[in-house]
$ cat final.txt   # compact mmCIF, C-alpha atoms and all ligand atoms
# COMPACT_ATOMS: atom_id res chain seq x y z
CA MET I 1 124.40 114.84 69.19
CA ALA I 2 121.80 113.53 66.78
CA GLY I 3 118.83 111.98 68.55
CA SER I 4 119.11 113.97 71.76
CA ASP I 5 117.02 117.04 71.21
CA ALA I 6 117.55 120.35 72.90
CA ASP I 7 114.89 119.28 75.41
CA ASP I 8 116.86 116.08 76.18
CA ALA I 9 114.14 113.68 75.08
CA PHE I 10 115.46 110.47 73.48
CA THR I 11 113.81 109.83 70.13
CA TYR I 12 113.85 106.78 67.91
CA ASN I 13 111.73 105.79 64.94
CA GLY I 14 108.22 105.66 66.34
CA GLY I 15 108.95 106.74 69.88
CA ILE I 16 110.11 109.31 72.35
CA VAL I 17 111.40 108.92 75.92
CA GLU I 18 111.16 112.08 77.97
CA PRO I 19 113.60 113.12 80.73
CA GLY I 20 112.77 111.31 83.97
CA GLU I 21 111.09 108.50 82.03
CA THR I 22 112.03 104.82 81.54
CA GLN I 23 110.60 102.65 78.75
CA ASN I 24 110.90 98.93 78.05
CA ILE I 25 110.44 98.52 74.32
CA ARG I 26 110.27 95.55 71.98
CA TYR I 27 111.52 97.03 68.72
CA GLY I 28 110.95 95.24 65.41
CA ILE I 29 114.13 94.88 63.31
CA SER I 30 113.06 92.13 60.89
CA GLU I 31 110.41 89.47 60.19
CA THR I 32 110.45 85.67 60.49
CA TYR I 33 109.52 83.16 57.76
CA LEU I 34 105.99 83.35 59.17
CA GLY I 35 105.91 87.09 58.79
CA ASP I 36 106.00 87.68 62.54
CA PRO I 37 108.15 90.51 63.84
CA VAL I 38 111.70 89.85 65.08
CA ARG I 39 111.93 92.26 67.97
CA ILE I 40 114.88 93.23 70.16
CA PRO I 41 114.39 94.19 73.81
CA VAL I 42 115.44 97.78 74.52
CA THR I 43 115.29 99.68 77.80
CA ILE I 44 115.77 103.42 77.63
CA VAL I 45 116.37 105.18 80.92
CA ASN I 46 116.26 108.93 80.44
CA GLY I 47 117.56 110.66 83.58
CA ALA I 48 115.87 113.68 85.05
CA GLU I 49 119.12 115.64 84.63
CA PRO I 50 120.84 116.26 81.27
CA GLY I 51 124.08 114.48 80.38
CA PRO I 52 125.64 112.05 77.90
CA THR I 53 123.71 109.28 76.17
CA VAL I 54 125.38 105.89 76.71
CA PHE I 55 124.51 102.60 75.03
CA LEU I 56 125.19 99.18 76.53
CA SER I 57 124.79 96.25 74.16
CA ALA I 58 125.25 92.48 74.40
CA ALA I 59 124.73 89.25 72.48
CA ALA I 60 125.63 90.57 69.03
CA HIS I 61 126.90 86.99 69.04
CA GLY I 62 123.80 85.08 70.11
CA ASP I 63 125.47 82.57 72.46
CA GLU I 64 127.57 85.11 74.42
CA LEU I 65 125.50 85.54 77.54
CA ASN I 66 127.50 87.21 80.35
CA GLY I 67 126.91 90.70 78.95
CA ILE I 68 123.16 90.17 78.79
CA GLU I 69 123.03 90.02 82.56
CA VAL I 70 125.27 93.09 82.93
CA VAL I 71 122.97 95.13 80.68
CA ARG I 72 119.78 93.87 82.33
CA GLU I 73 121.01 94.61 85.84
CA VAL I 74 122.04 98.13 84.89
CA ALA I 75 118.67 98.69 83.21
CA GLN I 76 116.38 97.07 85.76
CA GLU I 77 118.13 96.88 89.12
CA TRP I 78 120.23 99.99 89.46
CA ASN I 79 118.82 103.10 91.04
CA HIS I 80 118.71 105.83 88.40
CA ASP I 81 117.15 108.61 90.51
CA GLU I 82 120.33 110.68 90.19
CA LEU I 83 121.04 109.82 86.54
CA CYS I 84 122.48 112.71 84.50
CA GLY I 85 121.96 111.62 80.89
CA THR I 86 120.39 108.64 79.16
CA LEU I 87 121.12 104.90 79.10
CA VAL I 88 120.16 102.90 76.01
CA CYS I 89 120.23 99.25 77.13
CA LEU I 90 120.25 96.56 74.43
CA PRO I 91 120.70 93.20 76.19
CA VAL I 92 120.12 90.96 73.14
CA LEU I 93 121.07 92.35 69.72
CA ASN I 94 121.15 89.10 67.77
CA VAL I 95 117.71 87.73 68.64
CA PRO I 96 117.63 84.92 66.01
CA GLY I 97 121.09 83.73 67.13
CA PHE I 98 120.09 83.99 70.77
CA LEU I 99 116.96 81.87 70.19
CA ALA I 100 119.07 79.24 68.42
CA GLN I 101 121.92 79.65 70.99
CA GLU I 102 124.33 80.23 68.14
CA ARG I 103 126.99 82.83 67.53
CA TYR I 104 125.80 83.86 64.08
CA LEU I 105 122.44 84.76 62.63
CA PRO I 106 120.98 81.39 61.59
CA ILE I 107 120.01 82.96 58.26
CA TYR I 108 122.91 81.95 55.98
CA ASP I 109 125.20 82.02 59.05
CA ARG I 110 125.79 85.75 58.84
CA ASP I 111 127.81 87.51 61.51
CA LEU I 112 125.73 90.42 62.81
CA ASN I 113 128.98 91.80 64.21
CA ARG I 114 130.39 92.21 60.69
CA SER I 115 127.22 93.83 59.33
CA PHE I 116 127.30 97.31 60.90
CA PRO I 117 126.44 100.08 60.19
CA GLY I 118 124.04 98.11 58.00
CA ARG I 119 122.04 99.06 54.95
CA VAL I 120 118.34 99.44 54.41
CA ASP I 121 118.33 97.70 51.00
CA SER I 122 120.88 94.91 51.54
CA THR I 123 121.03 91.44 53.19
CA SER I 124 118.83 90.49 56.13
CA ALA I 125 121.80 90.90 58.50
CA LYS I 126 122.59 94.38 57.20
CA ARG I 127 118.95 95.43 57.39
CA MET I 128 118.81 94.36 61.04
CA ALA I 129 122.12 96.11 61.74
CA HIS I 130 120.78 99.24 60.08
CA GLN I 131 117.69 99.31 62.31
CA ILE I 132 119.81 98.88 65.43
CA PHE I 133 122.48 101.34 64.36
CA ARG I 134 120.23 104.16 63.19
CA ASN I 135 117.75 104.05 66.07
CA PHE I 136 119.79 103.10 69.12
CA LEU I 137 123.55 103.41 68.52
CA ALA I 138 124.03 106.50 66.35
CA PRO I 139 122.11 108.82 68.74
CA CYS I 140 124.53 108.00 71.60
CA ASP I 141 127.69 109.73 72.82
CA ILE I 142 129.59 106.62 73.94
CA GLY I 143 129.00 102.86 73.91
CA LEU I 144 129.96 99.57 75.59
CA ASP I 145 129.53 96.31 73.66
CA PHE I 146 129.80 93.09 75.72
CA HIS I 147 131.15 89.83 74.35
CA THR I 148 132.62 86.56 75.60
CA SER I 149 135.12 84.18 74.09
CA THR I 150 133.98 82.00 71.21
CA ARG I 151 132.44 78.66 72.19
CA GLY I 152 135.04 76.16 73.45
CA ARG I 153 137.40 78.86 74.73
CA THR I 154 137.46 81.28 77.64
CA ASN I 155 138.88 84.78 78.17
CA MET I 156 139.99 86.77 81.17
CA LEU I 157 138.15 90.08 81.25
CA HIS I 158 139.75 92.55 78.87
CA VAL I 159 138.82 95.58 76.81
CA ARG I 160 139.33 95.95 73.07
CA ALA I 161 139.55 99.51 71.87
CA ASP I 162 141.30 101.74 69.34
CA MET I 163 143.76 103.45 71.69
CA ASP I 164 144.98 105.70 68.84
CA ASP I 165 141.63 107.51 69.08
CA PRO I 166 141.82 109.73 72.20
CA ASP I 167 138.06 109.65 72.81
CA VAL I 168 137.97 105.86 72.59
CA ALA I 169 141.10 105.65 74.80
CA ARG I 170 139.42 107.74 77.51
CA LEU I 171 136.46 105.35 77.51
CA ALA I 172 138.69 102.25 77.53
CA ARG I 173 140.67 103.50 80.53
CA ALA I 174 137.48 104.50 82.34
CA PHE I 175 136.24 100.89 82.26
CA GLY I 176 139.10 99.99 84.62
CA SER I 177 140.26 96.65 83.18
CA ASN I 178 143.78 95.30 83.66
CA VAL I 179 144.28 94.50 80.00
CA ILE I 180 143.41 96.66 77.00
CA ILE I 181 144.11 95.28 73.53
CA SER I 182 144.35 98.08 71.02
CA SER I 183 143.10 97.84 67.46
CA GLN I 184 140.50 99.45 65.24
CA GLY I 185 138.68 96.13 64.98
CA PRO I 186 137.57 94.51 61.73
CA SER I 187 135.37 96.41 59.33
CA GLY I 188 131.67 95.91 60.06
CA THR I 189 132.09 95.33 63.79
CA LEU I 190 129.80 97.34 66.00
CA ARG I 191 132.63 99.04 67.89
CA ARG I 192 134.61 100.07 64.83
CA GLU I 193 131.61 101.39 62.90
CA THR I 194 130.10 103.33 65.82
CA SER I 195 133.52 104.74 66.74
CA GLU I 196 134.13 105.85 63.15
CA TYR I 197 130.67 107.39 63.08
CA GLY I 198 131.62 109.50 66.10
CA VAL I 199 130.30 107.41 68.99
CA PRO I 200 133.43 106.18 70.83
CA THR I 201 132.81 102.50 71.62
CA ILE I 202 134.75 99.71 73.30
CA THR I 203 134.27 95.94 73.41
CA ILE I 204 134.45 94.09 76.70
CA GLU I 205 135.42 90.42 76.41
CA MET I 206 134.78 88.26 79.45
CA GLY I 207 134.47 84.54 80.12
CA GLU I 208 132.91 81.93 77.95
CA ALA I 209 129.81 81.43 75.81
CA HIS I 210 126.60 79.72 77.00
CA ARG I 211 127.00 80.64 80.65
CA PHE I 212 126.30 83.24 83.29
CA GLN I 213 129.55 83.67 85.25
CA ARG I 214 128.76 85.73 88.31
CA GLN I 215 132.23 87.11 89.02
CA PHE I 216 132.59 88.33 85.44
CA ILE I 217 129.13 89.88 85.54
CA ASP I 218 130.06 91.70 88.76
CA ARG I 219 133.34 92.92 87.24
CA GLY I 220 131.41 94.10 84.20
CA LEU I 221 129.02 96.02 86.43
CA GLU I 222 131.96 97.67 88.23
CA GLY I 223 133.30 98.73 84.84
CA VAL I 224 129.97 100.25 83.82
CA ALA I 225 129.79 102.17 87.12
CA SER I 226 133.32 103.43 86.55
CA VAL I 227 132.49 104.63 83.02
CA LEU I 228 129.32 106.38 84.23
CA ALA I 229 131.43 108.11 86.91
CA GLU I 230 134.06 109.24 84.38
CA TYR I 231 131.43 110.92 82.20
CA GLY I 232 129.39 112.40 85.06
CA VAL I 233 126.35 110.21 84.38
CA HIS I 234 126.46 108.82 87.91
CA ARG I 235 128.02 111.56 89.99
CA THR I 236 128.22 109.56 93.19
CA ASP I 237 130.42 106.74 91.81
CA ALA I 238 134.21 106.82 91.45
CA VAL I 239 136.38 105.88 88.49
CA ARG I 240 138.00 102.48 89.04
CA TRP I 241 141.77 101.96 89.03
CA PRO I 242 142.43 98.25 88.54
CA GLY I 243 145.79 98.20 90.39
CA TRP I 244 147.81 97.49 87.26
CA ARG I 245 147.22 97.92 83.58
CA THR I 246 148.80 96.95 80.31
CA VAL I 247 147.87 98.27 76.88
CA ILE I 248 148.74 95.80 74.15
CA ASP I 249 149.08 96.55 70.46
CA ASP I 250 146.95 93.89 68.79
CA GLU I 251 149.30 93.60 65.81
CA LYS I 252 152.63 93.43 67.59
CA GLU I 253 152.37 92.25 71.17
CA LYS I 254 149.71 89.57 71.12
CA THR I 255 150.30 85.95 70.16
CA TRP I 256 148.12 82.98 69.51
CA LEU I 257 149.90 79.78 70.44
CA ARG I 258 148.78 77.16 67.95
CA ALA I 259 148.90 73.39 68.03
CA ASP I 260 151.54 71.73 65.84
CA ALA I 261 150.03 68.30 66.45
CA GLY I 262 146.50 66.99 66.56
CA GLY I 263 145.41 65.47 69.84
CA LEU I 264 144.03 65.99 73.30
CA VAL I 265 145.15 69.05 75.20
CA GLU I 266 145.96 69.34 78.86
CA MET I 267 146.24 72.99 79.90
CA HIS I 268 148.59 73.55 82.83
CA HIS I 269 147.49 77.11 83.61
CA ASP I 270 144.18 78.90 83.95
CA ARG I 271 143.12 81.92 81.99
CA GLY I 272 144.60 85.05 83.54
CA SER I 273 147.76 83.22 84.69
CA LEU I 274 151.19 84.77 84.50
CA VAL I 275 153.54 82.35 82.73
CA TYR I 276 157.28 82.68 82.25
CA GLU I 277 159.26 82.20 79.09
CA GLY I 278 159.95 78.47 78.64
CA ASP I 279 157.15 77.34 81.00
CA THR I 280 155.02 74.50 79.72
CA VAL I 281 151.66 76.06 78.92
CA CYS I 282 150.02 72.81 77.85
CA THR I 283 150.74 69.35 76.49
CA ILE I 284 149.12 67.66 73.52
CA THR I 285 148.89 63.86 73.67
CA ASN I 286 147.81 61.09 71.34
CA PRO I 287 145.06 58.63 72.40
CA PHE I 288 147.59 56.18 73.87
CA LYS I 289 149.50 58.86 75.79
CA THR I 290 152.60 57.41 74.09
CA ASP I 291 153.39 60.64 72.36
CA SER I 292 153.17 64.08 73.88
CA GLU I 293 154.09 67.51 72.66
CA ARG I 294 155.00 70.23 75.14
CA VAL I 295 153.93 73.76 74.23
CA GLU I 296 156.20 76.39 75.76
CA ALA I 297 155.52 80.03 76.51
CA PRO I 298 157.56 81.97 73.92
CA PHE I 299 157.85 84.94 76.30
CA THR I 300 156.79 85.98 79.79
CA GLY I 301 153.23 87.17 79.82
CA LEU I 302 149.57 86.63 80.56
CA LEU I 303 147.25 83.94 79.28
CA VAL I 304 144.36 86.16 78.20
CA GLY I 305 142.42 83.36 76.55
CA VAL I 306 142.67 79.57 76.76
CA LEU I 307 141.10 76.50 75.22
CA GLU I 308 138.24 74.89 77.14
CA ASN I 309 137.30 72.14 74.70
CA PRO I 310 140.47 70.04 74.85
CA VAL I 311 140.72 68.78 71.27
CA VAL I 312 142.83 70.21 68.46
CA TYR I 313 143.85 69.75 64.88
CA PRO I 314 147.27 71.07 63.91
CA GLY I 315 146.88 74.83 63.51
CA ASN I 316 144.04 75.24 66.01
CA PRO I 317 144.55 77.96 68.62
CA LEU I 318 145.55 76.78 72.11
CA CYS I 319 145.78 80.06 73.94
CA HIS I 320 146.14 83.74 73.49
CA MET I 321 149.14 85.36 75.23
CA VAL I 322 150.14 88.95 75.77
CA GLU I 323 153.58 90.07 76.82
CA LEU I 324 153.99 91.81 80.18
CA ALA I 325 156.78 94.22 81.04
CA ALA I 326 158.69 93.64 84.29
CA ASP I 327 157.17 96.62 86.10
CA THR I 328 153.65 95.55 85.12
CA ARG I 329 154.41 92.03 86.37
CA ARG I 330 155.47 93.43 89.73
CA ALA I 331 152.28 95.50 89.97
CA LEU I 332 150.21 92.45 89.02
CA LYS I 333 151.84 90.34 91.72
CA ARG I 334 151.29 93.02 94.37
CA GLU I 335 147.64 93.33 93.36
CA ARG I 336 147.02 89.59 93.31
CA ALA I 337 148.75 89.13 96.67
CA ARG I 338 146.20 91.60 97.98
CA THR I 339 143.05 90.36 96.28
CA GLY I 340 143.71 86.77 95.12
CA PRO I 341 143.61 85.64 91.50
CA GLU I 342 141.53 88.37 90.01
CA ASP I 343 140.29 86.90 86.82
CA ASP I 344 138.76 83.72 87.98
CA GLY I 345 135.26 84.22 86.70
CA ASP I 346 134.03 80.86 87.86
CA VAL I 347 132.01 80.31 90.93
CA PRO I 348 133.16 76.87 92.13
CA PRO I 349 130.60 74.20 91.29
CA PRO I 350 128.38 73.11 94.17
CA PRO I 351 129.41 69.82 95.81
CA GLU I 352 127.71 66.95 94.05
CA SER I 353 124.51 65.98 95.74
CA ARG I 354 124.11 62.27 96.28
ZN ZN Z 401 131.47 88.04 70.40

$ encode --input "final.txt" --output "structure tokens"
Amino acid sequence: MAGSDADDAFTYNGGIVEPGETQNIRYGISETYLGDPVRIPVTIVNGAEPGPTVFLSAAAHGDELNGIEVVREVAQEWNHDELCGTLVCLPVLNVPGFLAQERYLPIYDRDLNRSFPGRVDSTSAKRMAHQIFRNFLAPCDIGLDFHTSTRGRTNMLHVRADMDDPDVARLARAFGSNVIISSQGPSGTLRRETSEYGVPTITIEMGEAHRFQRQFIDRGLEGVASVLAEYGVHRTDAVRWPGWRTVIDDEKEKTWLRADAGGLVEMHHDRGSLVYEGDTVCTITNPFKTDSERVEAPFTGLLVGVLENPVVYPGNPLCHMVELAADTRRALKRERARTGPEDDGDVPPPPESR
């Protein structure tokens, strides 16, 4: 594809990475108010053997940190002696948001993840997106974009992908997650725009913002290894089968439970829990605890995402549920009996030191 020459060098504007070579680059995508460069960190690992070019990106939302560690560990800690192909590792896409520890670009609160593929003569966000897209995403064959839940909420690990596109579906399955939510994604998102351009891309959602959650990072790394195995980039690894899997249509089979009262929320189940129709998912209480509203599960399914910050106005989302068929529920129970609750991304806090 474009960018990988016949001689398998990786080229970008101003640089070339030869087979067998690794480069850590700070690539300028914009300028600050002081005229200093805004530079994103990029590691390009070009394997000695030919093969697909794969990008791994994180922190398109500047406060979503788990993926940063996944991308850095792949880039810096994995052994790539046997690598067949090229890895383009982009641990922090939204550098201004990352510095401010905010989701959006602090410049007019633009969402970098609605600005792809970008434009050279448009807003600051689209100019940055254009630099990233043209140099580091478009030359790839497949891509993985890591996210977490929005601040104040948390997600079990799941993949978002357009399962109607067979090339994207192959990539989504290769990641080996239990839950895949299928949609094209909104216009301007990295995964939709790269996929439409011809670089099949999936989003991985895992955990919460502002944290490193070791178990999610490890699960993310297993997914990357599985994808590299599927495409022959790492020939020694195996493709991961997660034990059970459900593919959800984003439009039809996913539900946000919303608050009908303002108040304080007590969640009765963790993210990743299986809840049955009619179960109390959470209760919303007033400040005096004299009034409480029970929120019931409208069907039997999984809590993919839940509230962490326990305050709501009427209409605010409480949790994100997906329906599970009976055979998938049985497979889930078998798997969890074997391995324990799989989606607990939290390492228990250390005992308080006195
Ligand atoms: Zn995000």

$ residues_around --input "final.txt" --residues "region 93-107 of chain I" --least-positions-apart "6" --cutoff "9 Å" --atoms "all atoms listed in the file" --output "list in words"
Val38, Arg39, Ile40, Pro41, Ser57, Ala58, Ala59, Ala60, His61, Gly62, Asp63, Glu64, Leu65, Asn113, Ser124, Ala125, Met128, Ala129, Ile132, Thr150, Arg151, Ala209 and His210 of chain I

$ atom_distance --input "final.txt" --atom1 "CA of Gly220 (chain I)" --atom2 "CA of Gly67 (chain I)"
7.7 Å

$ atom_distance --input "final.txt" --atom1 "CA of Ser30 (chain I)" --atom2 "CA of Asn46 (chain I)"
26.0 Å

$ residues_around --input "final.txt" --residues "Asp167 (chain I)" --least-positions-apart "3" --cutoff "12 Å" --atoms "all atoms listed in the file" --output "list of chain:residue names"
I:Asp141, I:Ile142, I:Gly143, I:Ala161, I:Asp162, I:Met163, I:Asp164, I:Arg170, I:Leu171, I:Ala172, I:Arg173, I:Ala174, I:Ser195, I:Glu196, I:Gly198, I:Val199, I:Pro200, I:Thr201, I:Ile202, I:Tyr231

$ closest_residue --input "final.txt" --among "I:Ala331, I:Val233, I:Ile16, I:Leu307" --to "Asn155 (chain I)" --atoms "only C-alpha atoms"
I:Leu307

$ closest_residue --input "final.txt" --among "I:His130, I:Arg110, I:His234, I:Arg160" --to "Thr86 (chain I)" --atoms "only C-alpha atoms"
I:His234

$ residues_around --input "final.txt" --residues "Gly85 (chain I)" --least-positions-apart "4" --cutoff "10 Å" --atoms "all atoms listed in the file" --output "VMD selection string"
chain I and resid 4 8 to 10 19 to 20 45 to 54 228 231 to 234

$ write_last_selection --input "final.txt" --atoms "C-alpha atoms" --output "compact mmCIF listing (two decimals), in the coordinates of the input"
# COMPACT_ATOMS: atom_id res chain seq x y z
CA SER I 4 119.11 113.97 71.76
CA ASP I 8 116.86 116.08 76.18
CA ALA I 9 114.14 113.68 75.08
CA PHE I 10 115.46 110.47 73.48
CA PRO I 19 113.60 113.12 80.73
CA GLY I 20 112.77 111.31 83.97
CA VAL I 45 116.37 105.18 80.92
CA ASN I 46 116.26 108.93 80.44
CA GLY I 47 117.56 110.66 83.58
CA ALA I 48 115.87 113.68 85.05
CA GLU I 49 119.12 115.64 84.63
CA PRO I 50 120.84 116.26 81.27
CA GLY I 51 124.08 114.48 80.38
CA PRO I 52 125.64 112.05 77.90
CA THR I 53 123.71 109.28 76.17
CA VAL I 54 125.38 105.89 76.71
CA LEU I 228 129.32 106.38 84.23
CA TYR I 231 131.43 110.92 82.20
CA GLY I 232 129.39 112.40 85.06
CA VAL I 233 126.35 110.21 84.38
CA HIS I 234 126.46 108.82 87.91

$ residues_near_point --input "final.txt" --point "(134.1, 74.8, 74.0)" --cutoff "7 Å" --atoms "only C-alpha atoms" --output "PyMOL selection string"
chain I and resi 151-153+308-309
